[in-house]
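Student: Contents are TSV, C-alpha atoms and all ligand atoms; file name structure25.tsv:
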```tsv
chain	number	residue	atom	x	y	z
A	1	MET	CA	14.41	2.85	13.65
A	2	GLU	CA	17.08	2.30	11.00
A	3	LEU	CA	19.55	-0.49	11.58
A	4	ASP	CA	22.92	-0.06	9.90
A	5	LEU	CA	23.97	-3.44	8.53
A	6	ARG	CA	26.87	-2.43	6.30
A	7	GLU	CA	29.45	-3.98	8.62
A	8	LEU	CA	27.42	-7.17	9.00
A	9	ILE	CA	27.11	-7.47	5.22
A	10	ALA	CA	30.85	-6.89	4.74
A	11	GLN	CA	31.70	-9.59	7.30
A	12	ASP	CA	29.56	-12.24	5.58
A	13	ALA	CA	28.72	-13.73	9.02
A	14	GLY	CA	27.66	-12.67	12.49
A	15	ARG	CA	24.71	-10.90	14.05
A	16	VAL	CA	23.50	-7.43	15.01
A	17	GLY	CA	20.98	-7.11	17.82
A	18	PHE	CA	18.21	-4.52	18.13
A	19	ASP	CA	15.88	-3.38	20.87
A	20	PHE	CA	13.47	-0.48	20.39
A	21	GLU	CA	10.00	0.81	21.13
A	22	LEU	CA	7.53	0.94	18.28
A	23	ASP	CA	5.47	4.07	17.74
A	24	THR	CA	1.82	3.00	18.02
A	25	ASP	CA	0.51	5.88	15.89
A	26	GLY	CA	-1.85	4.34	13.35
A	27	LEU	CA	-1.69	0.92	15.00
A	28	ASP	CA	-5.36	0.82	15.92
A	29	PHE	CA	-6.89	-2.63	16.12
A	30	GLU	CA	-10.52	-3.61	16.49
A	31	GLY	CA	-11.12	-4.45	20.14
A	32	VAL	CA	-7.96	-2.79	21.49
A	33	LEU	CA	-8.98	0.08	23.75
A	34	SER	CA	-5.45	1.16	24.67
A	35	TYR	CA	-1.81	0.17	24.98
A	36	THR	CA	-0.87	-0.15	28.65
A	37	THR	CA	2.88	-0.46	27.98
A	38	PRO	CA	5.09	0.61	25.07
A	39	VAL	CA	5.33	-1.88	22.22
A	40	THR	CA	8.84	-3.35	22.49
A	41	VAL	CA	10.66	-5.02	19.62
A	42	ARG	CA	13.72	-7.15	20.39
A	43	GLY	CA	15.74	-9.43	18.19
A	44	ALA	CA	18.66	-9.76	15.83
A	45	VAL	CA	19.66	-9.73	12.20
A	46	GLU	CA	21.95	-12.62	11.30
A	47	ASN	CA	24.11	-13.10	8.29
A	48	HIS	CA	24.34	-16.70	7.10
A	49	ALA	CA	26.76	-16.62	4.17
A	50	GLY	CA	25.05	-13.61	2.65
A	51	LEU	CA	21.46	-14.47	3.60
A	52	LEU	CA	20.22	-11.83	6.02
A	53	THR	CA	17.50	-13.04	8.39
A	54	VAL	CA	15.55	-11.03	10.94
A	55	SER	CA	14.04	-12.62	14.01
A	56	ALA	CA	12.15	-10.52	16.50
A	57	VAL	CA	9.82	-10.74	19.47
A	58	ILE	CA	7.20	-8.01	19.71
A	59	GLU	CA	5.56	-7.49	23.09
A	60	ALA	CA	2.98	-5.09	24.46
A	61	GLY	CA	0.42	-4.71	27.21
A	62	LEU	CA	-3.08	-4.14	25.87
A	63	TYR	CA	-6.44	-3.26	27.30
A	64	CYS	CA	-9.04	-5.03	25.18
A	65	GLN	CA	-12.77	-5.45	24.76
A	66	CYS	CA	-14.23	-8.87	23.97
A	67	ALA	CA	-16.01	-8.92	20.59
A	68	ARG	CA	-18.69	-11.28	21.97
A	69	CYS	CA	-19.50	-10.28	25.56
A	70	LEU	CA	-18.04	-6.72	25.47
A	71	LYS	CA	-16.15	-7.34	28.73
A	72	GLU	CA	-12.98	-5.26	29.11
A	73	PHE	CA	-9.80	-7.03	30.15
A	74	PRO	CA	-5.99	-6.63	30.12
A	75	ARG	CA	-3.89	-8.78	27.83
A	76	HIS	CA	-0.22	-9.39	27.19
A	77	LEU	CA	0.58	-9.54	23.49
A	78	ARG	CA	3.59	-11.54	22.28
A	79	ILE	CA	4.33	-12.06	18.59
A	80	GLU	CA	7.33	-13.78	17.07
A	81	ALA	CA	8.28	-12.37	13.71
A	82	ALA	CA	10.70	-13.42	10.98
A	83	ALA	CA	11.75	-11.73	7.75
A	84	TYR	CA	14.55	-11.58	5.21
A	85	LEU	CA	16.55	-8.62	4.05
A	86	ALA	CA	17.94	-8.11	0.58
A	87	GLU	CA	19.92	-5.39	-1.18
A	88	GLU	CA	17.80	-5.85	-4.28
A	89	LEU	CA	14.62	-7.71	-4.97
A	90	GLU	CA	14.06	-9.92	-7.97
A	91	ASP	CA	10.43	-10.48	-7.10
A	92	GLU	CA	8.76	-7.31	-5.78
A	93	ASP	CA	5.77	-9.25	-4.50
A	94	ASN	CA	7.67	-11.41	-2.06
A	95	GLY	CA	6.31	-10.12	1.23
A	96	ASP	CA	8.88	-11.88	3.44
A	97	TYR	CA	11.70	-9.84	1.90
A	98	TYR	CA	12.50	-6.26	2.80
A	99	LEU	CA	14.72	-4.05	0.76
A	100	LEU	CA	17.79	-2.50	2.36
A	101	ASN	CA	18.35	1.18	1.76
A	102	ASP	CA	22.07	1.83	1.42
A	103	GLY	CA	22.84	-1.09	3.76
A	104	LYS	CA	20.24	0.02	6.32
A	105	ALA	CA	17.04	-1.76	7.30
A	106	ASP	CA	13.80	-0.05	8.34
A	107	MET	CA	13.04	-2.12	11.42
A	108	GLU	CA	9.83	-0.22	12.22
A	109	GLU	CA	8.29	-1.22	8.91
A	110	ILE	CA	9.10	-4.90	9.56
A	111	ALA	CA	7.69	-4.76	13.11
A	112	ARG	CA	4.52	-2.92	12.05
A	113	ASP	CA	3.86	-5.41	9.23
A	114	ALA	CA	4.38	-8.37	11.58
A	115	LEU	CA	2.01	-6.88	14.12
A	116	ILE	CA	-0.72	-6.20	11.55
A	117	LEU	CA	-0.29	-9.62	9.93
A	118	ASN	CA	-0.43	-11.55	13.20
A	119	PHE	CA	-3.13	-9.64	15.01
A	120	GLU	CA	-6.29	-11.69	15.37
A	121	GLN	CA	-9.41	-10.39	13.62
A	122	ARG	CA	-11.67	-10.73	16.64
A	123	ILE	CA	-10.40	-10.37	20.17
A	124	LEU	CA	-12.20	-12.62	22.65
A	125	CYS	CA	-11.94	-12.73	26.46
A	126	SER	CA	-11.67	-16.51	26.08
A	127	GLU	CA	-11.97	-18.85	23.12
A	128	ASP	CA	-15.23	-20.33	24.42
A	129	CYS	CA	-16.81	-17.03	25.43
A	130	LYS	CA	-20.58	-17.54	25.23
A	131	GLY	CA	-21.30	-13.88	24.48
A	132	LEU	CA	-24.50	-11.99	25.20
A	133	CYS	CA	-28.05	-13.22	24.67
A	134	PRO	CA	-29.29	-11.49	21.49
A	135	LYS	CA	-32.73	-11.03	23.12
A	136	CYS	CA	-32.17	-9.87	26.70
A	137	GLY	CA	-28.48	-8.94	26.55
A	138	LYS	CA	-27.48	-11.05	29.54
A	139	ASP	CA	-23.84	-12.18	29.70
A	140	LEU	CA	-24.24	-15.91	29.12
A	141	ASN	CA	-20.82	-16.60	30.70
A	142	GLU	CA	-22.49	-15.84	34.03
A	143	GLY	CA	-25.26	-18.37	33.45
A	144	PRO	CA	-28.28	-18.99	31.22
A	145	CYS	CA	-30.97	-16.35	30.84
A	146	GLU	CA	-34.76	-16.65	31.00
A	147	CYS	CA	-35.25	-16.43	27.24
A	148	ARG	CA	-36.61	-19.55	25.57
A	149	GLU	CA	-35.00	-20.77	22.43
A	150	GLU	CA	-37.23	-20.52	19.38
A	151	PRO	CA	-38.22	-24.00	18.25
A	152	ASP	CA	-36.81	-24.98	14.87
A	153	PRO	CA	-39.80	-24.84	12.43
A	154	ARG	CA	-38.63	-28.07	10.76
A	155	MET	CA	-38.68	-29.89	14.10
A	156	LEU	CA	-42.16	-28.48	14.76
A	157	THR	CA	-43.49	-30.00	11.55
A	158	LEU	CA	-41.94	-33.32	12.42
A	159	GLY	CA	-43.51	-33.13	15.89
A	160	GLN	CA	-46.92	-32.39	14.40
A	161	LEU	CA	-46.57	-35.26	11.97
A	162	LEU	CA	-45.74	-37.65	14.77
A	163	GLU	CA	-48.72	-36.39	16.75
A	164	LYS	CA	-51.10	-37.21	13.91
A	165	GLU	CA	-50.01	-40.82	13.62
A	201	ZN	ZN	-16.18	-12.51	26.12
A	202	ZN	ZN	-31.86	-13.91	27.05
```
Please re-express this file's structure in structure tokens.
Tutor:
Amino acid sequence: MELDLRELIAQDAGRVGFDFELDTDGLDFEGVLSYTTPVTVRGAVENHAGLLTVSAVIEAGLYCQCARCLKEFPRHLRIEAAAYLAEELEDEDNGDYYLLNDGKADMEEIARDALILNFEQRILCSEDCKGLCPKCGKDLNEGPCECREEPDPRMLTLGQLLEKE
């Protein structure tokens, strides 16, 4: 989605809103099984005395799998994104700045980058998910399993030492 900002730039003030659906082709994340709604991107570009700022909210319904317990669950994703636009870049490496092409901004590129940057590395069903027992595979969120914990060999030595005294 290209946003034409030539008028906004000429005015030196004001805002231009946008609202579009992001193509999810290539947006595959570890732990995301499917998108249950389109990915929507809503926001505005504002011109503050020549400084062009983008603010956007990206939302989507996801069906995920927990990285620890492998449970599948639905999730609502909401990411707030911000970026700057410039007609030319002095520093090519500045990731917050996006180059305008003939007064037009590639909003898809900005939204895709924000999504990739803000997506968590490991999706969990809850932050304190206990995961599965590595021995018997039981879901430890449902309660403890029958497996005994291996005693720490250092503690064993200490126990034997105490016994001798
Ligand atoms: Zn889990
Ligand atoms: Zn177990």
Student: From the options A:Cys145, A:Ile123, A:Ala49, A:Leu115, which residue's atoms come nearest to Arg75 (chain A), counting all atoms listed in the file?
Tutor: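 Ranked by minimum distance to Arg75 (chain A), first place goes to A:Ile123.
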Student: Ala60 (chain A): which residues within 8 Å, counting all atoms listed in the file, same-chain residues fewer than 5 positions away excluded, as an NGL selection string?
Tutor: :A and (35-40 or 76-78)
Student: Could you list, as number ranges by chain, all the residues within 7 Å of ligand ZN 202 (chain A), counting only C-alpha atoms and all ligand atoms?
Tutor: A: 133-138, 145-147
Student: Keeping only C-alpha atoms, write those residues as a short mmCIF file (atom, residue, chain, number, x, y, z; two decimals), keeping the file's coordinate frame.
Tutor:
```cif
data_model
loop_
_atom_site.label_atom_id
_atom_site.label_comp_id
_atom_site.auth_asym_id
_atom_site.auth_seq_id
_atom_site.Cartn_x
_atom_site.Cartn_y
_atom_site.Cartn_z
CA CYS A 133 -28.05 -13.22 24.67
CA PRO A 134 -29.29 -11.49 21.49
CA LYS A 135 -32.73 -11.03 23.12
CA CYS A 136 -32.17 -9.87 26.70
CA GLY A 137 -28.48 -8.94 26.55
CA LYS A 138 -27.48 -11.05 29.54
CA CYS A 145 -30.97 -16.35 30.84
CA GLU A 146 -34.76 -16.65 31.00
CA CYS A 147 -35.25 -16.43 27.24
#
```
Student: How would you write, as a list in words, the set of residues no farther than 8 Å from ligand ZN 201 (chain A) when counting all atoms listed in the file?
Tutor: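 Based on all atoms listed in the file, ligand ZN 201 (chain A) is surrounded within 8 Å by Gln65, Cys66, Ala67, Arg68, Cys69, Leu70, Lys71, Leu124, Cys125, Ser126, Cys129, Lys130, Gly131 and Asn141 of chain A.
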Student: Next, the residues of the selection above should be written as a PDB file, keeping the file's coordinate frame with C-alpha atoms.
Tutor:
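Output below, filename result32.pdb:
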```pdb
ATOM      1  CA  GLN A  65     -12.770  -5.450  24.760  1.00  0.00           C
ATOM      2  CA  CYS A  66     -14.230  -8.870  23.970  1.00  0.00           C
ATOM      3  CA  ALA A  67     -16.010  -8.920  20.590  1.00  0.00           C
ATOM      4  CA  ARG A  68     -18.690 -11.280  21.970  1.00  0.00           C
ATOM      5  CA  CYS A  69     -19.500 -10.280  25.560  1.00  0.00           C
ATOM      6  CA  LEU A  70     -18.040  -6.720  25.470  1.00  0.00           C
ATOM      7  CA  LYS A  71     -16.150  -7.340  28.730  1.00  0.00           C
ATOM      8  CA  LEU A 124     -12.200 -12.620  22.650  1.00  0.00           C
ATOM      9  CA  CYS A 125     -11.940 -12.730  26.460  1.00  0.00           C
ATOM     10  CA  SER A 126     -11.670 -16.510  26.080  1.00  0.00           C
ATOM     11  CA  CYS A 129     -16.810 -17.030  25.430  1.00  0.00           C
ATOM     12  CA  LYS A 130     -20.580 -17.540  25.230  1.00  0.00           C
ATOM     13  CA  GLY A 131     -21.300 -13.880  24.480  1.00  0.00           C
ATOM     14  CA  ASN A 141     -20.820 -16.600  30.700  1.00  0.00           C
TER      15      ASN A 141
END
```
Student: Each residue of region 43-159 of chain A with at least one atom at most 9 Å from region 8-19 of chain A should appear once, together with its nearest atom pair and the corresponding distance in Å (one decimal); atoms considered: only C-alpha atoms; ordering: chain, then increasing residue number; output as CSV.
Tutor:
```
residue,atom,partner,partner_atom,distance
A:Gly43,CA,A:Phe18,CA,5.5
A:Ala44,CA,A:Gly17,CA,4.0
A:Val45,CA,A:Val16,CA,5.3
A:Glu46,CA,A:Arg15,CA,4.3
A:Asn47,CA,A:Ala13,CA,4.7
A:His48,CA,A:Ala13,CA,5.6
A:Ala49,CA,A:Asp12,CA,5.4
A:Gly50,CA,A:Asp12,CA,5.5
A:Leu51,CA,A:Asp12,CA,8.6
A:Leu52,CA,A:Ile9,CA,8.2
A:Ala56,CA,A:Phe18,CA,8.7
A:Gly103,CA,A:Ile9,CA,7.8
A:Met107,CA,A:Phe18,CA,8.8
```
Student: Suppose you want the space between CA of Tyr97 (chain A) and CA of Glu80 (chain A); what is it in Å?
Tutor: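 Rounded to one decimal, the two atoms are 16.3 Å apart.
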Student: Considering only C-alpha atoms, can you say which of A:Ala114, A:Leu3, A:Leu33, A:Ala105 comes closest to Glu59 (chain A)?
Tutor: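 Looking at the shortest contact to Glu59 (chain A), the residue is A:Ala114.
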Student: One decimal, Å: what's the distance from CA of Gly61 (chain A) over to CA of Ala82 (chain A), could you say?
Tutor: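 Computed distance, CA of Gly61 (chain A) to CA of Ala82 (chain A), equals 21.1 Å.
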